[in-house]
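Below: one structure, written as structure tokens.
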Amino acid sequence: MAVGVDAEKRTIFGPYKIPNEQLEDWIAKHLLPTDAVVLEMSTNTYLFYDTLLPHVGSVIAVHPPTFVW
């Protein structure tokens, strides 16, 4: 699931459900080297982290109950 927010925390796109097999194509079309990505901790966190990191400025994984905006 992907949701984009701007610096003022306004939603600028999504939520979109992206199937795992389409993730790399989606990244190439929608993300920029200046983007920051936050991942929810899940079974696939390391796979998603490794897939995203070469394409964006930063990737951070969070455990939602402890993450505070």
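In the structure tokens, chains take the letters A, B, ... in the order shown, each chain's residues start at 1, and ligands count up from 1 in the order shown.
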Find the residues near Gly57 in chain A: any atom within 6 Å, counting only C-alpha atoms, skip ones fewer than 5 places away on the same chain, and give them as a compact mmCIF listing (two decimals) with C-alpha atoms, in the first residue's frame.
```txt
# COMPACT_ATOMS: atom_id res chain seq x y z
CA PRO A 33 16.04 10.19 -5.86
CA THR A 34 14.89 13.06 -3.61
CA ASP A 35 11.98 11.09 -2.10
CA ALA A 36 11.96 9.74 1.45
```
Who sits within 7 Å of range 37-53 of chain A, only C-alpha atoms, same chain under 5 positions skipped, as an mmCIF file with N, CA and C atoms, in the first residue's frame:
```
data_model
loop_
_atom_site.group_PDB
_atom_site.id
_atom_site.type_symbol
_atom_site.label_atom_id
_atom_site.label_comp_id
_atom_site.auth_asym_id
_atom_site.auth_seq_id
_atom_site.Cartn_x
_atom_site.Cartn_y
_atom_site.Cartn_z
ATOM 1 N N SER A 58 16.058 8.268 0.923
ATOM 2 C CA SER A 58 16.141 7.574 2.206
ATOM 3 C C SER A 58 14.956 6.629 2.365
ATOM 4 N N VAL A 59 15.199 5.585 3.145
ATOM 5 C CA VAL A 59 14.154 4.620 3.500
ATOM 6 C C VAL A 59 14.296 4.357 4.991
ATOM 7 N N ILE A 60 13.181 4.427 5.704
ATOM 8 C CA ILE A 60 13.186 4.118 7.128
ATOM 9 C C ILE A 60 12.049 3.147 7.403
ATOM 10 N N ALA A 61 12.310 2.181 8.262
ATOM 11 C CA ALA A 61 11.285 1.220 8.668
ATOM 12 C C ALA A 61 10.839 1.571 10.079
ATOM 13 N N VAL A 62 9.533 1.568 10.281
ATOM 14 C CA VAL A 62 8.976 1.937 11.592
ATOM 15 C C VAL A 62 8.008 0.879 12.079
ATOM 16 N N HIS A 63 7.882 0.804 13.382
ATOM 17 C CA HIS A 63 6.876 -0.046 14.010
ATOM 18 C C HIS A 63 5.726 0.888 14.391
ATOM 19 N N PRO A 64 4.586 0.804 13.691
ATOM 20 C CA PRO A 64 3.520 1.803 13.855
ATOM 21 C C PRO A 64 3.119 2.161 15.273
#
```
query: By how many Å are CA of Gly14 in chain A and CA of Ala2 in chain A apart?
result: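 Spanning CA of Gly14 in chain A to CA of Ala2 in chain A is a straight-line distance of 6.2 Å.
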Grab the CA of Lys9 in chain A to CA of Glu24 in chain A distance for me, in Å with one decimal place.
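CA of Lys9 in chain A sits 25.1 Å away from CA of Glu24 in chain A.
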- Task: Enumerate, as a list in words, the complete set of residues in chain A that a backbone-based DSSP assignment places in strand (DSSP E or B).
- Result: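 Written out, the strand (DSSP E or B) residues of chain A are Ala2, Val3, Gly4, Val5, Thr11, Ile12, Phe13, Gly14, Pro15, Tyr16, Ala36, Val37, Val38, Leu39, Glu40, Ser58, Val59, Ile60, Ala61 and Val62 of chain A.
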